[in-house]
$ cat work.tsv   # TSV, C-alpha atoms and all ligand atoms
chain	number	residue	atom	x	y	z
A	1294	MET	CA	30.53	5.72	-14.06
A	1295	GLN	CA	26.82	6.40	-14.58
A	1296	PRO	CA	24.69	4.31	-12.22
A	1297	ILE	CA	22.14	1.83	-13.49
A	1298	TRP	CA	18.80	2.45	-11.77
A	1299	LYS	CA	17.21	-0.46	-9.92
A	1300	HIS	CA	13.78	-0.59	-8.37
A	1301	THR	CA	12.95	-0.16	-4.70
A	1302	GLU	CA	9.90	1.13	-2.84
A	1303	ASN	CA	11.85	1.19	0.42
A	1304	TYR	CA	12.55	4.89	0.98
A	1305	THR	CA	11.03	8.07	2.37
A	1306	GLY	CA	10.47	11.04	0.07
A	1307	GLY	CA	12.69	14.01	0.92
A	1308	ARG	CA	15.00	14.33	3.90
A	1309	GLY	CA	12.84	16.26	6.33
A	1310	GLY	CA	14.88	19.39	5.68
A	1311	THR	CA	18.09	17.70	6.84
A	1312	ALA	CA	21.34	18.38	4.93
A	1313	VAL	CA	23.53	15.48	3.78
A	1314	ASP	CA	26.67	15.39	5.93
A	1315	ARG	CA	27.62	11.70	6.04
A	1316	ILE	CA	28.34	8.80	3.73
A	1317	VAL	CA	27.60	5.47	5.47
A	1318	ILE	CA	29.59	2.50	4.16
A	1319	HIS	CA	28.05	-0.99	4.13
A	1320	TYR	CA	28.84	-4.46	2.91
A	1321	ILE	CA	26.19	-6.66	1.35
A	1322	VAL	CA	27.24	-10.05	2.73
A	1323	GLY	CA	26.62	-11.20	-0.81
A	1324	THR	CA	26.83	-9.97	-4.36
A	1325	LEU	CA	25.27	-6.89	-5.90
A	1326	ALA	CA	22.52	-9.12	-7.30
A	1327	ALA	CA	21.61	-10.07	-3.72
A	1328	ALA	CA	21.27	-6.38	-2.79
A	1329	ASP	CA	19.12	-5.79	-5.88
A	1330	ALA	CA	16.78	-8.60	-4.81
A	1331	THR	CA	16.55	-7.47	-1.18
A	1332	PHE	CA	15.83	-3.85	-2.05
A	1333	ALA	CA	13.30	-4.81	-4.73
A	1334	ASN	CA	11.34	-6.71	-2.06
A	1335	SER	CA	9.04	-4.16	-0.40
A	1336	SER	CA	8.66	-6.37	2.68
A	1337	SER	CA	12.41	-6.24	3.40
A	1338	GLY	CA	12.12	-2.67	4.66
A	1339	VAL	CA	15.67	-1.80	3.66
A	1340	SER	CA	17.45	0.01	0.85
A	1341	ALA	CA	20.50	2.12	0.09
A	1342	HIS	CA	21.20	4.91	-2.36
A	1343	TYR	CA	23.91	2.97	-4.20
A	1344	GLY	CA	25.28	-0.54	-4.53
A	1345	ILE	CA	28.62	-1.53	-6.02
A	1346	GLY	CA	29.94	-4.90	-7.15
A	1347	GLU	CA	30.99	-7.15	-10.02
A	1348	GLY	CA	32.08	-4.10	-12.02
A	1349	ALA	CA	28.72	-2.33	-11.74
A	1350	LEU	CA	27.22	0.68	-9.97
A	1351	HIS	CA	23.51	0.52	-9.15
A	1352	GLN	CA	21.32	3.31	-7.76
A	1353	TYR	CA	18.10	2.56	-5.90
A	1354	VAL	CA	17.15	5.84	-4.22
A	1355	SER	CA	17.67	9.45	-5.32
A	1356	GLU	CA	20.11	11.41	-3.18
A	1357	MET	CA	17.20	13.82	-2.58
A	1358	ASN	CA	15.32	11.07	-0.74
A	1359	THR	CA	15.91	9.08	2.46
A	1360	ALA	CA	17.09	5.49	1.98
A	1361	TRP	CA	16.63	2.93	4.77
A	1362	HIS	CA	20.15	1.65	5.38
A	1363	ALA	CA	21.59	2.78	8.71
A	1364	GLY	CA	19.04	1.35	11.16
A	1365	ASP	CA	18.56	4.87	12.55
A	1366	PHE	CA	16.10	7.21	10.86
A	1367	PRO	CA	17.80	10.53	11.75
A	1368	MET	CA	21.07	9.12	10.32
A	1369	ASN	CA	19.22	7.92	7.24
A	1370	GLN	CA	17.92	11.46	6.70
A	1371	ARG	CA	21.41	13.00	6.87
A	1372	SER	CA	23.37	10.37	4.96
A	1373	ILE	CA	23.98	8.64	1.65
A	1374	GLY	CA	24.25	4.85	2.01
A	1375	ILE	CA	26.56	2.81	-0.22
A	1376	GLU	CA	26.56	-1.01	-0.31
A	1377	HIS	CA	29.64	-2.99	-1.37
A	1378	SER	CA	29.74	-6.56	-2.68
A	1379	ALA	CA	31.70	-8.51	-0.06
A	1380	ASP	CA	31.37	-11.29	2.49
A	1381	PRO	CA	33.08	-12.05	5.81
A	1382	ASP	CA	35.45	-14.29	3.81
A	1383	ARG	CA	35.58	-12.16	0.65
A	1384	ALA	CA	36.92	-8.62	0.64
A	1385	PRO	CA	35.67	-6.16	-1.99
A	1386	SER	CA	37.38	-6.48	-5.38
A	1387	SER	CA	39.73	-3.79	-6.64
A	1388	SER	CA	37.04	-2.76	-9.12
A	1389	THR	CA	34.51	-2.36	-6.30
A	1390	TYR	CA	37.00	-0.09	-4.50
A	1391	ASP	CA	37.68	1.90	-7.65
A	1392	ILE	CA	33.98	2.53	-8.31
A	1393	SER	CA	33.39	3.38	-4.63
A	1394	ILE	CA	36.29	5.83	-4.59
A	1395	ASP	CA	34.97	7.57	-7.72
A	1396	LEU	CA	31.47	7.79	-6.26
A	1397	CYS	CA	32.59	8.95	-2.81
A	1398	THR	CA	34.84	11.58	-4.40
A	1399	GLN	CA	31.88	12.97	-6.35
A	1400	ILE	CA	29.63	12.96	-3.27
A	1401	CYS	CA	32.29	14.67	-1.13
A	1402	ARG	CA	32.62	17.37	-3.81
A	1403	ASP	CA	28.85	17.81	-4.16
A	1404	TYR	CA	28.21	18.17	-0.41
A	1405	ASP	CA	31.60	19.57	0.68
A	1406	LEU	CA	32.36	16.60	2.94
A	1407	ASP	CA	35.68	15.70	4.62
A	1408	PRO	CA	36.35	12.06	3.70
A	1409	GLN	CA	38.36	11.38	6.85
A	1410	THR	CA	35.54	12.31	9.23
A	1411	GLN	CA	32.34	12.21	7.19
A	1412	ILE	CA	32.68	8.82	5.46
A	1413	ILE	CA	31.71	6.50	8.30
A	1414	PRO	CA	31.22	2.76	8.86
A	1415	HIS	CA	27.73	1.46	9.57
A	1416	HIS	CA	28.91	0.19	12.97
A	1417	TRP	CA	29.41	3.78	14.13
A	1418	VAL	CA	25.62	4.20	13.89
A	1419	VAL	CA	24.32	0.95	15.40
A	1420	ALA	CA	25.80	-2.29	16.73
A	1421	THR	CA	26.55	-4.37	13.62
A	1422	ALA	CA	29.47	-6.17	11.97
A	1423	CYS	CA	28.88	-4.01	8.87
A	1424	PRO	CA	30.91	-3.03	6.82
A	1425	GLY	CA	32.90	-6.18	7.59
A	1426	THR	CA	35.74	-6.73	5.16
A	1427	VAL	CA	35.48	-3.28	3.54
A	1428	ASP	CA	38.73	-1.35	4.16
A	1429	LEU	CA	37.14	2.00	4.89
A	1430	GLN	CA	40.44	3.79	5.40
A	1431	ARG	CA	41.51	2.78	1.88
A	1432	ILE	CA	38.44	4.60	0.54
A	1433	ARG	CA	38.94	7.67	2.75
A	1434	ASP	CA	42.62	8.04	1.83
A	1435	ALA	CA	42.02	7.63	-1.89
A	1436	VAL	CA	39.17	10.15	-1.86
A	1437	ALA	CA	41.23	12.61	0.21
A	1438	ALA	CA	44.07	12.34	-2.32
A	1439	ARG	CA	41.70	13.29	-5.15
A	1440	LEU	CA	39.97	16.26	-3.53
A	1501	ZN	ZN	25.43	-1.82	6.87
$ encode --input "work.tsv" --output "structure tokens"
Amino acid sequence: MQPIWKHTENYTGGRGGTAVDRIVIHYIVGTLAAADATFANSSSGVSAHYGIGEGALHQYVSEMNTAWHAGDFPMNQRSIGIEHSADPDRAPSSSTYDISIDLCTQICRDYDLDPQTQIIPHHWVVATACPGTVDLQRIRDAVAARL
């Protein structure tokens, strides 16, 4: 699926010479439209490379640039951040998983990543409940089966 580009000013140009070696998985605690609104607000200070939900894939930041998603700048420089439409009481839909698995498979191919060790939850980076109801192992296993 080709992403639909959405506006954000919340990123740093380039990656400071750092190679991409992680995918960081997030949940929005809301819909994809909520992520669009937050990232379009320059005072929010946050962004991600991609957002998935309600059957759509949005891109906010080029993979060449550093998105502000992990709460840790060195991790932001080395990672691609993906947001998923979900809430504490609402797991991602099967279509959100399908789009995420396609995207993560492509990213793992492009950067030669091992899905089992290099697709990581946000809470591995900083103390947070994120990615909440996202079943990360479901994504890892499906990507591993495709590579
Ligand atoms: Zn997160």
$ closest_residue --input "work.tsv" --among "A:His1300, A:Arg1315, A:Gly1306, A:His1415" --to "Gly1364 in chain A" --atoms "only C-alpha atoms"
A:His1415
$ atom_distance --input "work.tsv" --atom1 "CA of Leu1440 in chain A" --atom2 "CA of Cys1401 in chain A"
8.2 Å
$ residues_near_ligand --input "work.tsv" --ligand "ligand ZN 1501 (chain A)" --cutoff "8 Å" --atoms "all atoms listed in the file" --output "PDB file with C-alpha atoms, in the frame of the given file"
ATOM      1  CA  VAL A1317      27.600   5.470   5.470  1.00  0.00           C
ATOM      2  CA  ILE A1318      29.590   2.500   4.160  1.00  0.00           C
ATOM      3  CA  HIS A1319      28.050  -0.990   4.130  1.00  0.00           C
ATOM      4  CA  TYR A1320      28.840  -4.460   2.910  1.00  0.00           C
ATOM      5  CA  ILE A1321      26.190  -6.660   1.350  1.00  0.00           C
ATOM      6  CA  HIS A1362      20.150   1.650   5.380  1.00  0.00           C
ATOM      7  CA  ALA A1363      21.590   2.780   8.710  1.00  0.00           C
ATOM      8  CA  GLU A1376      26.560  -1.010  -0.310  1.00  0.00           C
ATOM      9  CA  PRO A1414      31.220   2.760   8.860  1.00  0.00           C
ATOM     10  CA  HIS A1415      27.730   1.460   9.570  1.00  0.00           C
ATOM     11  CA  HIS A1416      28.910   0.190  12.970  1.00  0.00           C
ATOM     12  CA  THR A1421      26.550  -4.370  13.620  1.00  0.00           C
ATOM     13  CA  ALA A1422      29.470  -6.170  11.970  1.00  0.00           C
ATOM     14  CA  CYS A1423      28.880  -4.010   8.870  1.00  0.00           C
ATOM     15  CA  PRO A1424      30.910  -3.030   6.820  1.00  0.00           C
TER      16      PRO A1424
END
$ axis_aligned_box --input "work.tsv" --around "range 1364-1379 of chain A" --padding-each-side "3 Å" --output "lines of an AutoDock Vina configuration file"
center_x = 23.9
center_y = 2.2
center_z = 4.9
size_x = 21.6
size_y = 27.5
size_z = 21.2
$ closest_residue --input "work.tsv" --among "A:Gly1346, A:Pro1296, A:Pro1408, A:Gly1338" --to "Val1322 in chain A" --atoms "only C-alpha atoms"
A:Gly1346
$ closest_residue --input "work.tsv" --among "A:Ala1435, A:Val1339, A:Val1313, A:Ala1379" --to "Asp1405 in chain A" --atoms "all atoms listed in the file"
A:Val1313
$ residues_near_point --input "work.tsv" --point "(34.3, 14.2, 0.8)" --cutoff "9 Å" --atoms "all atoms listed in the file" --output "PyMOL selection string"
chain A and resi 1315-1316+1397-1412+1433+1436-1437+1440
$ residues_around --input "work.tsv" --residues "range 1347-1357 of chain A" --least-positions-apart "3" --cutoff "8 Å" --atoms "all atoms listed in the file" --output "NGL selection string"
:A and (1294-1301 or 1304 or 1306-1308 or 1324-1325 or 1332 or 1340-1344 or 1360 or 1373 or 1378 or 1386 or 1388-1389 or 1392)
$ closest_residue --input "work.tsv" --among "A:Val1419, A:Ile1413, A:Ile1375, A:Ala1312" --to "Ile1345 in chain A" --atoms "all atoms listed in the file"
A:Ile1375
$ residues_around --input "work.tsv" --residues "Gly1310 in chain A" --least-positions-apart "6" --cutoff "12 Å" --atoms "all atoms listed in the file" --output "PyMOL selection string"
chain A and resi 1357-1359+1367+1370-1371
$ atom_distance --input "work.tsv" --atom1 "CA of Ser1372 in chain A" --atom2 "CA of Ala1384 in chain A"
23.7 Å
$ closest_residue --input "work.tsv" --among "A:Gly1323, A:Asp1380, A:Asn1303, A:Trp1417" --to "Ser1336 in chain A" --atoms "only C-alpha atoms"
A:Asn1303
$ closest_residue --input "work.tsv" --among "A:Val1427, A:Met1368, A:Asp1314, A:His1377" --to "Asp1329 in chain A" --atoms "all atoms listed in the file"
A:His1377
$ build_atoms --input "work.tsv" --residues "range 1414-1437 of chain A" --atoms "N, CA and C atoms" --output "PDB file, in the frame of the given file"
ATOM      1  N   PRO A1414      31.695   4.155   8.941  1.00  0.00           N
ATOM      2  CA  PRO A1414      31.220   2.760   8.860  1.00  0.00           C
ATOM      3  C   PRO A1414      29.849   2.620   9.518  1.00  0.00           C
ATOM      4  N   HIS A1415      29.067   1.691   9.018  1.00  0.00           N
ATOM      5  CA  HIS A1415      27.730   1.460   9.570  1.00  0.00           C
ATOM      6  C   HIS A1415      27.791   1.206  11.083  1.00  0.00           C
ATOM      7  N   HIS A1416      28.866   0.540  11.547  1.00  0.00           N
ATOM      8  CA  HIS A1416      28.910   0.190  12.970  1.00  0.00           C
ATOM      9  C   HIS A1416      29.124   1.398  13.883  1.00  0.00           C
ATOM     10  N   TRP A1417      29.383   2.556  13.308  1.00  0.00           N
ATOM     11  CA  TRP A1417      29.410   3.780  14.130  1.00  0.00           C
ATOM     12  C   TRP A1417      27.993   4.238  14.460  1.00  0.00           C
ATOM     13  N   VAL A1418      27.007   3.745  13.718  1.00  0.00           N
ATOM     14  CA  VAL A1418      25.620   4.200  13.890  1.00  0.00           C
ATOM     15  C   VAL A1418      24.867   3.266  14.830  1.00  0.00           C
ATOM     16  N   VAL A1419      24.987   1.968  14.579  1.00  0.00           N
ATOM     17  CA  VAL A1419      24.320   0.950  15.400  1.00  0.00           C
ATOM     18  C   VAL A1419      25.273  -0.228  15.567  1.00  0.00           C
ATOM     19  N   ALA A1420      24.990  -1.089  16.528  1.00  0.00           N
ATOM     20  CA  ALA A1420      25.800  -2.290  16.730  1.00  0.00           C
ATOM     21  C   ALA A1420      25.573  -3.254  15.583  1.00  0.00           C
ATOM     22  N   THR A1421      26.623  -3.484  14.788  1.00  0.00           N
ATOM     23  CA  THR A1421      26.550  -4.370  13.620  1.00  0.00           C
ATOM     24  C   THR A1421      27.976  -4.710  13.211  1.00  0.00           C
ATOM     25  N   ALA A1422      28.154  -5.823  12.519  1.00  0.00           N
ATOM     26  CA  ALA A1422      29.470  -6.170  11.970  1.00  0.00           C
ATOM     27  C   ALA A1422      29.761  -5.386  10.685  1.00  0.00           C
ATOM     28  N   CYS A1423      28.759  -4.735  10.134  1.00  0.00           N
ATOM     29  CA  CYS A1423      28.880  -4.010   8.870  1.00  0.00           C
ATOM     30  C   CYS A1423      29.779  -2.778   9.042  1.00  0.00           C
ATOM     31  N   PRO A1424      30.714  -2.493   8.153  1.00  0.00           N
ATOM     32  CA  PRO A1424      30.910  -3.030   6.820  1.00  0.00           C
ATOM     33  C   PRO A1424      31.931  -4.152   6.689  1.00  0.00           C
ATOM     34  N   GLY A1425      32.139  -4.942   7.730  1.00  0.00           N
ATOM     35  CA  GLY A1425      32.900  -6.180   7.590  1.00  0.00           C
ATOM     36  C   GLY A1425      34.257  -6.017   6.952  1.00  0.00           C
ATOM     37  N   THR A1426      34.433  -6.673   5.815  1.00  0.00           N
ATOM     38  CA  THR A1426      35.740  -6.730   5.160  1.00  0.00           C
ATOM     39  C   THR A1426      36.044  -5.515   4.273  1.00  0.00           C
ATOM     40  N   VAL A1427      35.179  -4.513   4.295  1.00  0.00           N
ATOM     41  CA  VAL A1427      35.480  -3.280   3.540  1.00  0.00           C
ATOM     42  C   VAL A1427      36.565  -2.507   4.291  1.00  0.00           C
ATOM     43  N   ASP A1428      37.650  -2.171   3.585  1.00  0.00           N
ATOM     44  CA  ASP A1428      38.730  -1.350   4.160  1.00  0.00           C
ATOM     45  C   ASP A1428      38.339   0.114   3.975  1.00  0.00           C
ATOM     46  N   LEU A1429      37.662   0.638   4.989  1.00  0.00           N
ATOM     47  CA  LEU A1429      37.140   2.000   4.890  1.00  0.00           C
ATOM     48  C   LEU A1429      38.252   3.031   4.755  1.00  0.00           C
ATOM     49  N   GLN A1430      39.360   2.803   5.464  1.00  0.00           N
ATOM     50  CA  GLN A1430      40.440   3.790   5.400  1.00  0.00           C
ATOM     51  C   GLN A1430      41.033   3.877   3.998  1.00  0.00           C
ATOM     52  N   ARG A1431      41.056   2.754   3.288  1.00  0.00           N
ATOM     53  CA  ARG A1431      41.510   2.780   1.880  1.00  0.00           C
ATOM     54  C   ARG A1431      40.653   3.729   1.053  1.00  0.00           C
ATOM     55  N   ILE A1432      39.355   3.709   1.282  1.00  0.00           N
ATOM     56  CA  ILE A1432      38.440   4.600   0.540  1.00  0.00           C
ATOM     57  C   ILE A1432      38.681   6.040   0.967  1.00  0.00           C
ATOM     58  N   ARG A1433      38.724   6.283   2.275  1.00  0.00           N
ATOM     59  CA  ARG A1433      38.940   7.670   2.750  1.00  0.00           C
ATOM     60  C   ARG A1433      40.220   8.275   2.184  1.00  0.00           C
ATOM     61  N   ASP A1434      41.317   7.507   2.262  1.00  0.00           N
ATOM     62  CA  ASP A1434      42.620   8.040   1.830  1.00  0.00           C
ATOM     63  C   ASP A1434      42.637   8.316   0.335  1.00  0.00           C
ATOM     64  N   ALA A1435      42.036   7.422  -0.440  1.00  0.00           N
ATOM     65  CA  ALA A1435      42.020   7.630  -1.890  1.00  0.00           C
ATOM     66  C   ALA A1435      41.160   8.825  -2.269  1.00  0.00           C
ATOM     67  N   VAL A1436      40.025   8.994  -1.577  1.00  0.00           N
ATOM     68  CA  VAL A1436      39.170  10.150  -1.860  1.00  0.00           C
ATOM     69  C   VAL A1436      39.896  11.433  -1.448  1.00  0.00           C
ATOM     70  N   ALA A1437      40.523  11.415  -0.270  1.00  0.00           N
ATOM     71  CA  ALA A1437      41.230  12.610   0.210  1.00  0.00           C
ATOM     72  C   ALA A1437      42.326  13.028  -0.779  1.00  0.00           C
TER      73      ALA A1437
END
